[in-house]
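Structure file data.pdb (PDB, C-alpha atoms) follows.
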```
ATOM      1  CA  MET N   1     -31.298  55.019  25.049
ATOM      2  CA  ARG N   2     -30.463  51.662  26.526
ATOM      3  CA  THR N   3     -33.694  50.277  25.068
ATOM      4  CA  ILE N   4     -32.784  51.454  21.560
ATOM      5  CA  ALA N   5     -29.323  49.936  21.819
ATOM      6  CA  PHE N   6     -30.810  46.692  23.098
ATOM      7  CA  LEU N   7     -33.375  46.549  20.288
ATOM      8  CA  THR N   8     -30.718  47.282  17.671
ATOM      9  CA  GLY N   9     -28.666  44.440  19.071
ATOM     10  CA  VAL N  10     -31.586  42.030  18.983
ATOM     11  CA  LEU N  11     -32.552  43.039  15.445
ATOM     12  CA  THR N  12     -28.992  42.613  14.269
ATOM     13  CA  LEU N  13     -28.688  39.242  15.901
ATOM     14  CA  ALA N  14     -31.981  38.224  14.365
ATOM     15  CA  GLY N  15     -30.609  39.155  10.953
ATOM     16  CA  CYS N  16     -32.959  42.102  10.623
ATOM     17  CA  GLN N  17     -30.604  44.690   9.237
ATOM     18  CA  PRO N  18     -31.985  48.181   8.812
ATOM     19  CA  LYS N  19     -33.179  48.636   5.226
ATOM     20  CA  GLU N  20     -30.756  51.444   4.449
ATOM     21  CA  ALA N  21     -27.688  49.431   5.481
ATOM     22  CA  PRO N  22     -25.878  47.952   2.453
ATOM     23  CA  PRO N  23     -25.552  44.158   2.469
ATOM     24  CA  ALA N  24     -22.254  42.982   3.817
ATOM     25  CA  GLU N  25     -19.960  41.946   0.967
ATOM     26  CA  SER N  26     -17.959  38.802   1.402
ATOM     27  CA  THR N  27     -14.254  39.338   0.994
ATOM     28  CA  GLU N  28     -13.617  35.583   0.760
ATOM     29  CA  THR N  29     -12.663  34.152  -2.609
ATOM     30  CA  ALA N  30     -13.064  30.550  -3.661
ATOM     31  CA  PRO N  31      -9.965  28.570  -2.726
ATOM     32  CA  MET N  32      -7.698  27.683  -5.636
ATOM     33  CA  SER N  33      -7.696  24.069  -6.717
ATOM     34  CA  ASP N  34      -4.410  22.197  -6.456
ATOM     35  CA  GLU N  35      -4.146  22.165 -10.228
ATOM     36  CA  ASP N  36      -4.652  25.946 -10.369
ATOM     37  CA  MET N  37      -2.003  26.350  -7.672
ATOM     38  CA  LEU N  38       0.424  24.232  -9.694
ATOM     39  CA  ARG N  39      -0.286  26.296 -12.802
ATOM     40  CA  ALA N  40       0.293  29.484 -10.818
ATOM     41  CA  ARG N  41       3.653  28.108  -9.651
ATOM     42  CA  THR N  42       4.559  27.432 -13.277
ATOM     43  CA  ASP N  43       3.692  31.053 -14.099
ATOM     44  CA  GLU N  44       6.007  32.127 -11.261
ATOM     45  CA  PHE N  45       8.779  29.994 -12.754
ATOM     46  CA  GLU N  46       8.215  31.563 -16.164
ATOM     47  CA  GLN N  47       8.336  35.063 -14.677
ATOM     48  CA  ALA N  48      11.510  34.317 -12.707
ATOM     49  CA  PHE N  49      13.088  32.880 -15.858
ATOM     50  CA  SER N  50      12.214  35.957 -17.892
ATOM     51  CA  ASN N  51      13.737  38.106 -15.127
ATOM     52  CA  ALA N  52      16.856  35.898 -15.180
ATOM     53  CA  ASP N  53      16.318  35.569 -11.440
ATOM     54  CA  ALA N  54      18.030  32.345 -10.393
ATOM     55  CA  LYS N  55      17.283  32.972  -6.720
ATOM     56  CA  ALA N  56      13.554  33.251  -7.391
ATOM     57  CA  ILE N  57      13.715  30.013  -9.376
ATOM     58  CA  GLY N  58      15.556  28.326  -6.501
ATOM     59  CA  ALA N  59      12.823  29.456  -4.097
ATOM     60  CA  LEU N  60      10.324  27.339  -6.022
ATOM     61  CA  PHE N  61      12.251  24.172  -5.127
ATOM     62  CA  VAL N  62      12.395  22.263  -1.842
ATOM     63  CA  GLU N  63      15.781  22.322  -0.128
ATOM     64  CA  ASP N  64      16.533  18.719  -1.149
ATOM     65  CA  ALA N  65      15.294  19.038  -4.734
ATOM     66  CA  ASP N  66      17.152  17.833  -7.775
ATOM     67  CA  LEU N  67      17.396  18.707 -11.420
ATOM     68  CA  VAL N  68      18.713  16.448 -14.164
ATOM     69  CA  ASP N  69      19.663  18.691 -17.049
ATOM     70  CA  LEU N  70      19.460  18.008 -20.777
ATOM     71  CA  ALA N  71      22.861  16.341 -20.789
ATOM     72  CA  GLY N  72      21.840  14.000 -17.963
ATOM     73  CA  VAL N  73      23.853  15.808 -15.292
ATOM     74  CA  MET N  74      22.312  15.784 -11.812
ATOM     75  CA  HIS N  75      22.175  19.023  -9.792
ATOM     76  CA  HIS N  76      21.221  18.153  -6.244
ATOM     77  CA  GLY N  77      19.878  20.683  -3.748
ATOM     78  CA  ARG N  78      18.318  24.120  -4.060
ATOM     79  CA  MET N  79      21.694  25.882  -4.037
ATOM     80  CA  ALA N  80      23.056  23.721  -6.855
ATOM     81  CA  ILE N  81      19.920  24.348  -8.911
ATOM     82  CA  GLU N  82      20.184  28.075  -8.293
ATOM     83  CA  GLU N  83      23.844  28.014  -9.359
ATOM     84  CA  ARG N  84      22.948  26.047 -12.474
ATOM     85  CA  TYR N  85      20.380  28.647 -13.546
ATOM     86  CA  GLN N  86      22.707  31.525 -12.689
ATOM     87  CA  LYS N  87      25.360  30.025 -14.997
ATOM     88  CA  LEU N  88      22.779  29.645 -17.754
ATOM     89  CA  PHE N  89      21.547  33.231 -17.327
ATOM     90  CA  ASP N  90      25.131  34.509 -17.370
ATOM     91  CA  GLY N  91      25.967  32.375 -20.412
ATOM     92  CA  PRO N  92      23.869  30.684 -23.086
ATOM     93  CA  TYR N  93      20.483  31.932 -21.810
ATOM     94  CA  LYS N  94      21.567  35.579 -21.511
ATOM     95  CA  GLY N  95      18.715  37.756 -22.762
ATOM     96  CA  ALA N  96      16.530  34.755 -23.513
ATOM     97  CA  ALA N  97      12.879  34.416 -22.627
ATOM     98  CA  GLY N  98      11.171  31.190 -21.713
ATOM     99  CA  SER N  99       7.560  30.165 -21.920
ATOM    100  CA  LEU N 100       6.058  27.096 -20.331
ATOM    101  CA  GLU N 101       2.853  25.250 -21.056
ATOM    102  CA  ILE N 102       1.508  22.499 -18.849
ATOM    103  CA  THR N 103       0.096  19.583 -20.828
ATOM    104  CA  SER N 104      -0.755  17.224 -17.992
ATOM    105  CA  VAL N 105      -1.073  17.207 -14.214
ATOM    106  CA  ARG N 106      -1.325  13.860 -12.512
ATOM    107  CA  PHE N 107      -1.737  13.380  -8.780
ATOM    108  CA  VAL N 108       0.192  10.277  -7.753
ATOM    109  CA  ARG N 109      -0.871  11.050  -4.196
ATOM    110  CA  PRO N 110      -3.093  13.926  -3.052
ATOM    111  CA  GLU N 111       0.038  15.910  -2.186
ATOM    112  CA  ILE N 112       2.407  14.638  -4.882
ATOM    113  CA  ALA N 113       1.918  15.616  -8.518
ATOM    114  CA  VAL N 114       3.685  14.749 -11.756
ATOM    115  CA  ILE N 115       3.490  17.697 -14.132
ATOM    116  CA  ASP N 116       4.343  17.447 -17.802
ATOM    117  CA  GLY N 117       4.636  20.259 -20.237
ATOM    118  CA  THR N 118       6.492  21.944 -23.019
ATOM    119  CA  TYR N 119       8.838  24.897 -22.988
ATOM    120  CA  GLU N 120      10.121  27.286 -25.580
ATOM    121  CA  LEU N 121      13.259  29.371 -25.323
ATOM    122  CA  THR N 122      13.476  32.429 -27.539
ATOM    123  CA  GLY N 123      16.000  35.224 -27.926
ATOM    124  CA  LEU N 124      18.972  32.861 -27.782
ATOM    125  CA  LYS N 125      22.201  34.011 -29.357
ATOM    126  CA  SER N 126      25.329  32.227 -30.460
ATOM    127  CA  THR N 127      28.671  33.107 -28.881
ATOM    128  CA  GLU N 128      29.242  35.310 -31.974
ATOM    129  CA  GLY N 129      26.026  37.191 -31.245
ATOM    130  CA  GLN N 130      23.997  35.656 -34.058
ATOM    131  CA  ASP N 131      20.291  35.022 -33.453
ATOM    132  CA  LEU N 132      19.534  31.375 -32.856
ATOM    133  CA  PRO N 133      16.251  29.635 -33.591
ATOM    134  CA  ALA N 134      13.857  28.982 -30.728
ATOM    135  CA  VAL N 135      14.437  25.796 -28.766
ATOM    136  CA  LYS N 136      11.379  23.690 -28.024
ATOM    137  CA  GLY N 137      11.525  21.011 -25.386
ATOM    138  CA  MET N 138       9.544  19.152 -22.809
ATOM    139  CA  PHE N 139       9.684  18.907 -19.049
ATOM    140  CA  THR N 140       8.509  16.608 -16.311
ATOM    141  CA  ASN N 141       8.383  17.933 -12.772
ATOM    142  CA  VAL N 142       7.428  16.228  -9.539
ATOM    143  CA  SER N 143       5.950  18.659  -7.023
ATOM    144  CA  VAL N 144       4.943  18.182  -3.410
ATOM    145  CA  LYS N 145       2.518  20.155  -1.297
ATOM    146  CA  GLN N 146       4.188  21.393   1.870
ATOM    147  CA  ASN N 147       2.421  23.653   4.360
ATOM    148  CA  GLY N 148      -0.232  24.415   1.769
ATOM    149  CA  GLN N 149       2.286  25.362  -0.940
ATOM    150  CA  TRP N 150       3.307  23.345  -3.977
ATOM    151  CA  MET N 151       7.078  23.076  -4.261
ATOM    152  CA  LEU N 152       9.235  21.521  -6.954
ATOM    153  CA  HIS N 153      10.936  18.318  -5.843
ATOM    154  CA  CYS N 154      12.354  16.974  -9.101
ATOM    155  CA  SER N 155      12.763  18.675 -12.446
ATOM    156  CA  ARG N 156      13.564  16.811 -15.649
ATOM    157  CA  PRO N 157      13.743  18.877 -18.846
ATOM    158  CA  MET N 158      14.318  17.057 -22.112
ATOM    159  CA  LEU N 159      14.792  17.763 -25.785
ATOM    160  CA  PRO N 160      12.836  15.067 -27.603
ATOM    161  CA  MET N 161      14.185  13.839 -30.925
ATOM    162  CA  LYS N 162      11.056  15.312 -32.476
ATOM    163  CA  ALA N 163      10.318  18.843 -31.253
ATOM    164  CA  PRO N 164       6.905  19.210 -29.586
ATOM    165  CA  GLY N 165       4.193  20.454 -31.905
ATOM    166  CA  THR N 166       6.052  19.448 -35.080
TER     167      THR N 166
ATOM    168  CA  MET X   1      12.428 -38.360  20.063
ATOM    169  CA  GLY X   2       9.523 -37.771  17.670
ATOM    170  CA  ASP X   3       8.355 -34.853  19.801
ATOM    171  CA  LYS X   4      11.824 -33.337  19.733
ATOM    172  CA  ILE X   5      11.970 -33.552  15.945
ATOM    173  CA  MET X   6       8.496 -32.009  15.625
ATOM    174  CA  LYS X   7       9.484 -29.211  18.007
ATOM    175  CA  ALA X   8      12.678 -28.542  16.069
ATOM    176  CA  LEU X   9      10.758 -28.496  12.770
ATOM    177  CA  THR X  10       8.157 -26.152  14.221
ATOM    178  CA  ILE X  11      10.844 -23.773  15.452
ATOM    179  CA  THR X  12      12.637 -23.946  12.083
ATOM    180  CA  CYS X  13       9.375 -23.203  10.265
ATOM    181  CA  LEU X  14       8.582 -20.302  12.579
ATOM    182  CA  VAL X  15      12.055 -18.859  12.172
ATOM    183  CA  THR X  16      11.823 -19.247   8.394
ATOM    184  CA  LEU X  17       8.388 -17.653   8.257
ATOM    185  CA  THR X  18       9.464 -14.822  10.540
ATOM    186  CA  GLY X  19      12.511 -14.273   8.386
ATOM    187  CA  ALA X  20      10.400 -14.204   5.224
ATOM    188  CA  VAL X  21       7.986 -11.636   6.619
ATOM    189  CA  SER X  22      10.800  -9.593   8.024
ATOM    190  CA  SER X  23      12.712  -9.572   4.729
ATOM    191  CA  ALA X  24       9.515  -8.662   2.830
ATOM    192  CA  GLN X  25       8.971  -5.770   5.191
ATOM    193  CA  GLU X  26      12.538  -4.666   4.774
ATOM    194  CA  THR X  27      12.394  -4.538   0.986
ATOM    195  CA  THR X  28      13.500  -1.019   0.351
ATOM    196  CA  ALA X  29      12.409   1.184  -2.514
ATOM    197  CA  GLU X  30      15.945   0.835  -3.833
ATOM    198  CA  GLN X  31      15.721  -2.968  -3.916
ATOM    199  CA  ALA X  32      12.245  -2.815  -5.427
ATOM    200  CA  ILE X  33      13.411  -0.456  -8.185
ATOM    201  CA  ASP X  34      16.397  -2.664  -8.993
ATOM    202  CA  ALA X  35      14.077  -5.674  -9.148
ATOM    203  CA  LEU X  36      11.774  -3.808 -11.552
ATOM    204  CA  ALA X  37      14.758  -2.862 -13.741
ATOM    205  CA  GLN X  38      15.909  -6.484 -13.801
ATOM    206  CA  LYS X  39      12.420  -7.680 -14.681
ATOM    207  CA  TYR X  40      12.247  -5.122 -17.494
ATOM    208  CA  SER X  41      15.613  -6.050 -18.992
ATOM    209  CA  ASP X  42      14.889  -9.796 -18.742
ATOM    210  CA  ALA X  43      11.561  -9.307 -20.515
ATOM    211  CA  TRP X  44      13.242  -7.079 -23.148
ATOM    212  CA  LYS X  45      15.794  -9.767 -23.935
ATOM    213  CA  ALA X  46      12.957 -12.270 -24.352
ATOM    214  CA  GLY X  47      11.128  -9.861 -26.672
ATOM    215  CA  ASP X  48       8.282  -9.879 -24.162
ATOM    216  CA  ALA X  49       6.491  -6.509 -24.325
ATOM    217  CA  ALA X  50       3.853  -7.624 -21.805
ATOM    218  CA  GLY X  51       6.632  -8.519 -19.371
ATOM    219  CA  CYS X  52       8.225  -5.092 -19.822
ATOM    220  CA  ALA X  53       4.858  -3.367 -19.357
ATOM    221  CA  SER X  54       4.149  -5.384 -16.223
ATOM    222  CA  ILE X  55       6.411  -3.139 -14.160
ATOM    223  CA  TYR X  56       3.928  -0.296 -14.755
ATOM    224  CA  SER X  57       0.690   0.365 -12.876
ATOM    225  CA  ASP X  58      -2.557   0.118 -14.831
ATOM    226  CA  ASP X  59      -2.857   3.912 -14.983
ATOM    227  CA  ALA X  60       0.818   4.652 -15.625
ATOM    228  CA  ASP X  61       2.057   6.993 -18.318
ATOM    229  CA  LEU X  62       5.132   6.932 -20.480
ATOM    230  CA  ILE X  63       6.833   9.594 -22.588
ATOM    231  CA  ASP X  64       9.562   8.263 -24.836
ATOM    232  CA  PHE X  65      12.637   9.982 -26.258
ATOM    233  CA  MET X  66      10.629  10.949 -29.335
ATOM    234  CA  GLY X  67       8.268  12.904 -27.108
ATOM    235  CA  MET X  68       5.424  10.468 -27.713
ATOM    236  CA  SER X  69       3.115  10.142 -24.740
ATOM    237  CA  VAL X  70       1.010   7.084 -23.938
ATOM    238  CA  LYS X  71      -1.264   6.460 -20.993
ATOM    239  CA  GLY X  72      -2.262   3.169 -19.410
ATOM    240  CA  LYS X  73      -0.517  -0.183 -19.226
ATOM    241  CA  ALA X  74      -2.121  -1.499 -22.427
ATOM    242  CA  ALA X  75      -0.916   1.525 -24.430
ATOM    243  CA  ILE X  76       2.522   1.234 -22.850
ATOM    244  CA  GLN X  77       2.696  -2.410 -23.893
ATOM    245  CA  GLU X  78       1.735  -1.449 -27.436
ATOM    246  CA  SER X  79       4.454   1.205 -27.476
ATOM    247  CA  ILE X  80       7.064  -1.251 -26.164
ATOM    248  CA  THR X  81       6.005  -3.790 -28.806
ATOM    249  CA  LYS X  82       6.825  -1.210 -31.490
ATOM    250  CA  THR X  83      10.129  -0.328 -29.822
ATOM    251  CA  LEU X  84      11.135  -3.989 -29.581
ATOM    252  CA  GLY X  85      10.368  -4.242 -33.292
ATOM    253  CA  THR X  86      12.978  -1.527 -33.927
ATOM    254  CA  TYR X  87      15.621  -3.368 -31.906
ATOM    255  CA  PRO X  88      15.047  -7.063 -32.653
ATOM    256  CA  GLY X  89      17.196  -9.568 -30.786
ATOM    257  CA  SER X  90      18.668  -6.920 -28.526
ATOM    258  CA  SER X  91      19.435  -6.573 -24.849
ATOM    259  CA  ILE X  92      18.967  -3.521 -22.681
ATOM    260  CA  GLN X  93      21.230  -2.570 -19.806
ATOM    261  CA  ILE X  94      19.615  -0.383 -17.191
ATOM    262  CA  VAL X  95      21.880   1.316 -14.670
ATOM    263  CA  ARG X  96      20.365   3.249 -11.810
ATOM    264  CA  THR X  97      22.334   6.427 -11.088
ATOM    265  CA  GLY X  98      20.110   8.166  -8.578
ATOM    266  CA  ILE X  99      17.187   7.674  -6.306
ATOM    267  CA  HIS X 100      15.182  10.517  -4.826
ATOM    268  CA  PRO X 101      12.575   9.741  -2.158
ATOM    269  CA  VAL X 102       9.622  12.093  -2.462
ATOM    270  CA  SER X 103       7.692  10.436   0.364
ATOM    271  CA  ALA X 104       7.724   7.118   2.209
ATOM    272  CA  ASP X 105       5.943   5.431  -0.685
ATOM    273  CA  VAL X 106       6.887   7.488  -3.744
ATOM    274  CA  VAL X 107      10.387   7.746  -5.182
ATOM    275  CA  VAL X 108      11.928   9.145  -8.334
ATOM    276  CA  SER X 109      14.698   7.068  -9.847
ATOM    277  CA  ASP X 110      17.084   8.143 -12.595
ATOM    278  CA  GLY X 111      19.530   6.182 -14.649
ATOM    279  CA  THR X 112      20.907   5.269 -18.015
ATOM    280  CA  TRP X 113      19.872   2.722 -20.607
ATOM    281  CA  GLU X 114      21.867   1.151 -23.374
ATOM    282  CA  ILE X 115      20.679  -1.211 -26.062
ATOM    283  CA  THR X 116      23.199  -3.695 -27.417
ATOM    284  CA  GLY X 117      23.158  -6.449 -30.005
ATOM    285  CA  ALA X 118      20.525  -4.788 -32.149
ATOM    286  CA  LYS X 119      20.408  -4.555 -35.906
ATOM    287  CA  ALA X 120      18.634  -1.233 -35.592
ATOM    288  CA  PRO X 121      18.609   1.617 -38.112
ATOM    289  CA  GLU X 122      21.471   4.064 -37.588
ATOM    290  CA  SER X 123      18.996   6.793 -36.683
ATOM    291  CA  ALA X 124      17.671   4.767 -33.764
ATOM    292  CA  PRO X 125      19.414   5.797 -30.554
ATOM    293  CA  THR X 126      20.993   3.054 -28.506
ATOM    294  CA  ARG X 127      21.730   4.894 -25.296
ATOM    295  CA  GLY X 128      20.136   7.521 -23.153
ATOM    296  CA  PHE X 129      18.669   8.412 -19.793
ATOM    297  CA  TYR X 130      15.500   7.569 -17.973
ATOM    298  CA  THR X 131      13.468   8.909 -15.088
ATOM    299  CA  VAL X 132      10.809   6.803 -13.469
ATOM    300  CA  VAL X 133       8.380   7.667 -10.688
ATOM    301  CA  VAL X 134       7.779   4.554  -8.627
ATOM    302  CA  ALA X 135       4.981   4.296  -6.068
ATOM    303  CA  LYS X 136       3.922   1.647  -3.606
ATOM    304  CA  GLN X 137       0.535   0.293  -4.618
ATOM    305  CA  GLY X 138      -0.661  -1.950  -1.807
ATOM    306  CA  ASP X 139       2.325  -4.176  -1.027
ATOM    307  CA  ALA X 140       4.025  -3.812  -4.385
ATOM    308  CA  TRP X 141       6.116  -1.077  -5.938
ATOM    309  CA  GLN X 142       5.134  -0.133  -9.481
ATOM    310  CA  ALA X 143       6.252   2.429 -12.025
ATOM    311  CA  VAL X 144       3.593   5.117 -12.355
ATOM    312  CA  SER X 145       5.421   7.435 -14.774
ATOM    313  CA  GLY X 146       8.297   6.678 -17.111
ATOM    314  CA  ARG X 147      10.364   9.139 -19.143
ATOM    315  CA  THR X 148      13.203   8.321 -21.505
ATOM    316  CA  LYS X 149      15.477  10.769 -23.242
ATOM    317  CA  VAL X 150      18.651  10.892 -25.228
ATOM    318  CA  ALA X 151      21.429  13.408 -24.772
ATOM    319  CA  PRO X 152      21.045  16.373 -27.183
ATOM    320  CA  ALA X 153      24.326  15.458 -28.888
ATOM    321  CA  ALA X 154      22.710  12.204 -30.030
ATOM    322  CA  ASN X 155      19.730  14.038 -31.556
TER     323      ASN X 155
END
```
Please lay out the structure from this file as structure tokens.
Amino acid sequence: MRTIAFLTGVLTLAGCQPKEAPPAESTETAPMSDEDMLRARTDEFEQAFSNADAKAIGALFVEDADLVDLAGVMHHGRMAIEERYQKLFDGPYKGAAGSLEITSVRFVRPEIAVIDGTYELTGLKSTEGQDLPAVKGMFTNVSVKQNGQWMLHCSRPMLPMKAPGT
Amino acid sequence: MGDKIMKALTITCLVTLTGAVSSAQETTAEQAIDALAQKYSDAWKAGDAAGCASIYSDDADLIDFMGMSVKGKAAIQESITKTLGTYPGSSIQIVRTGIHPVSADVVVSDGTWEITGAKAPESAPTRGFYTVVVAKQGDAWQAVSGRTKVAPAAN
């Protein structure tokens, strides 16, 4: 009995698996590239926006992040950014959906990226409840990689004088 | 007497050199950004697009308030040449309103710009905001990304 166990051990170590044993399947997946990770973070932002979840949006930012809104007003810190989005979701963005598309990712440093893209807000309504046309704008974000995760550091949305794609 | 003078001169030179190195080392991102803004506005006033573009790194990118994107210093210079053509004989005032360090050698700076003295078309905006990502390249700070925008009310 001991001999059989010993031989099995040697065969296994030598890579000689019994024929009937199925080959071991690797559970490892290829690691995501930094650009893929940044795109996935953008998808998370989009999802949080569609859920009107200001807290989930805030969680995508570093504690010391800042946002300069369309009017040029600075919102400094994760809490302030969260509050800003909550006000928007309770007010002008109520019921709206947002979609984001990244147009460029540029690594200024291996762990610092400048991301540009466009956004579209649909489902907006006037204060009288009338449907409003979609708003198309652009954004520039600066993200940093911290502990293996890409986090938003600076967010700069803008409404160009000429809407993107027109 | 001669030796004393030489010694004093040597000490003065050493002190001066030490001071110069020390002050170069102490140039903060804030000072560097202000110097870049000054250089840009001086070049603008002189109608010098190459001077304006010189604050950017060779691989920088710029998106203007129209949403037009250009990449590389040469393309940025070309874009600034066109912009200067819209605002001939003008000056630009750049006021930094915020600075956000992302790392020891990368900062994001925000501010306002205002163009004065221009005989520009009424549709051409004369004030707005900017965001610039500035990074230390070797010993020098350079703009690596520039974004300008106007407030929606001005659209």
If you count only C-alpha atoms, which residues fall within 7 Å of Asp64 (chain X), apart from same-chain ones fewer than 3 positions away, as a CSV table (one decimal) with C-alpha atoms, in the frame of the given file?
```csv
chain,number,residue,atom,x,y,z
X,67,GLY,CA,8.3,12.9,-27.1
X,68,MET,CA,5.4,10.5,-27.7
X,69,SER,CA,3.1,10.1,-24.7
X,147,ARG,CA,10.4,9.1,-19.1
X,148,THR,CA,13.2,8.3,-21.5
X,149,LYS,CA,15.5,10.8,-23.2
```
query: How many Å lie between CA of Ala60 (chain X) and CA of Lys119 (chain X), rounded to one decimal?
result: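 These atoms are spaced 29.7 Å apart.
Distance-wise, CA of Ala65 (chain N) and CA of Gly77 (chain N) end up 5.0 Å apart.
Residues lying within 12 Å of region 128-131 of chain N, counting all atoms listed in the file and ignoring same-chain neighbours fewer than 4 positions away, are Gly91, Pro92, Lys94, Gly95, Ala96, Thr122, Gly123, Leu124 and Val135 of chain N.
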Name the residues in contact with Asp34 (chain X) at a cut-off of 12 Å, using only C-alpha atoms, excluding same-chain residues fewer than 2 positions from it; report them as a PDB file with C-alpha atoms, keeping the file's coordinate frame.
```pdb
ATOM      1  CA  THR X  27      12.394  -4.538   0.986  1.00  0.00           C
ATOM      2  CA  THR X  28      13.500  -1.019   0.351  1.00  0.00           C
ATOM      3  CA  ALA X  29      12.409   1.184  -2.514  1.00  0.00           C
ATOM      4  CA  GLU X  30      15.945   0.835  -3.833  1.00  0.00           C
ATOM      5  CA  GLN X  31      15.721  -2.968  -3.916  1.00  0.00           C
ATOM      6  CA  ALA X  32      12.245  -2.815  -5.427  1.00  0.00           C
ATOM      7  CA  LEU X  36      11.774  -3.808 -11.552  1.00  0.00           C
ATOM      8  CA  ALA X  37      14.758  -2.862 -13.741  1.00  0.00           C
ATOM      9  CA  GLN X  38      15.909  -6.484 -13.801  1.00  0.00           C
ATOM     10  CA  LYS X  39      12.420  -7.680 -14.681  1.00  0.00           C
ATOM     11  CA  TYR X  40      12.247  -5.122 -17.494  1.00  0.00           C
ATOM     12  CA  SER X  41      15.613  -6.050 -18.992  1.00  0.00           C
ATOM     13  CA  ILE X  55       6.411  -3.139 -14.160  1.00  0.00           C
ATOM     14  CA  GLN X  93      21.230  -2.570 -19.806  1.00  0.00           C
ATOM     15  CA  ILE X  94      19.615  -0.383 -17.191  1.00  0.00           C
ATOM     16  CA  VAL X  95      21.880   1.316 -14.670  1.00  0.00           C
ATOM     17  CA  ARG X  96      20.365   3.249 -11.810  1.00  0.00           C
ATOM     18  CA  THR X  97      22.334   6.427 -11.088  1.00  0.00           C
ATOM     19  CA  GLY X  98      20.110   8.166  -8.578  1.00  0.00           C
ATOM     20  CA  ILE X  99      17.187   7.674  -6.306  1.00  0.00           C
ATOM     21  CA  SER X 109      14.698   7.068  -9.847  1.00  0.00           C
ATOM     22  CA  ASP X 110      17.084   8.143 -12.595  1.00  0.00           C
ATOM     23  CA  GLY X 111      19.530   6.182 -14.649  1.00  0.00           C
ATOM     24  CA  VAL X 132      10.809   6.803 -13.469  1.00  0.00           C
ATOM     25  CA  VAL X 134       7.779   4.554  -8.627  1.00  0.00           C
ATOM     26  CA  TRP X 141       6.116  -1.077  -5.938  1.00  0.00           C
ATOM     27  CA  GLN X 142       5.134  -0.133  -9.481  1.00  0.00           C
ATOM     28  CA  ALA X 143       6.252   2.429 -12.025  1.00  0.00           C
TER      29      ALA X 143
END
```
field: Proximal residues of chain X relative to chain N (only C-alpha atoms; 6 Å) as a VMD selection string
entry: chain X and resid 65 to 67 151 155
task: Find the spatial neighbours of Ser90 (chain X), counting only C-alpha atoms, within a cut-off of 7 Å - ignore same-chain residues fewer than 6 positions away - and output them as an NGL selection string.
output: :X and (45 or 115-118)
message: Just to confirm, what's the straight-line distance from CA of Leu88 (chain N) to CA of Phe49 (chain N) in Å (one decimal)?
response: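 Going from CA of Leu88 (chain N) over to CA of Phe49 (chain N) covers 10.4 Å.
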X:Val106, X:Ala75, X:Leu84, X:Ile92 ranked by distance to Pro110 (chain N), top pick (using all atoms listed in the file):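 Going through X:Val106, X:Ala75, X:Leu84, X:Ile92 one by one, the smallest distance to Pro110 (chain N) is for X:Val106.
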- prompt: Which of these, X:Asp42, X:Asp59, X:Asp105, X:Glu78, has the shortest distance to Ala140 (chain X) once you count all atoms listed in the file?
  reply: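 Under the stated criterion, the closest residue is X:Asp105.
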query: Using all atoms listed in the file, which residue out of N:Ala134, N:Met32, N:Leu100, N:Val105 lies closest to Glu44 (chain N)?
result: N:Leu100
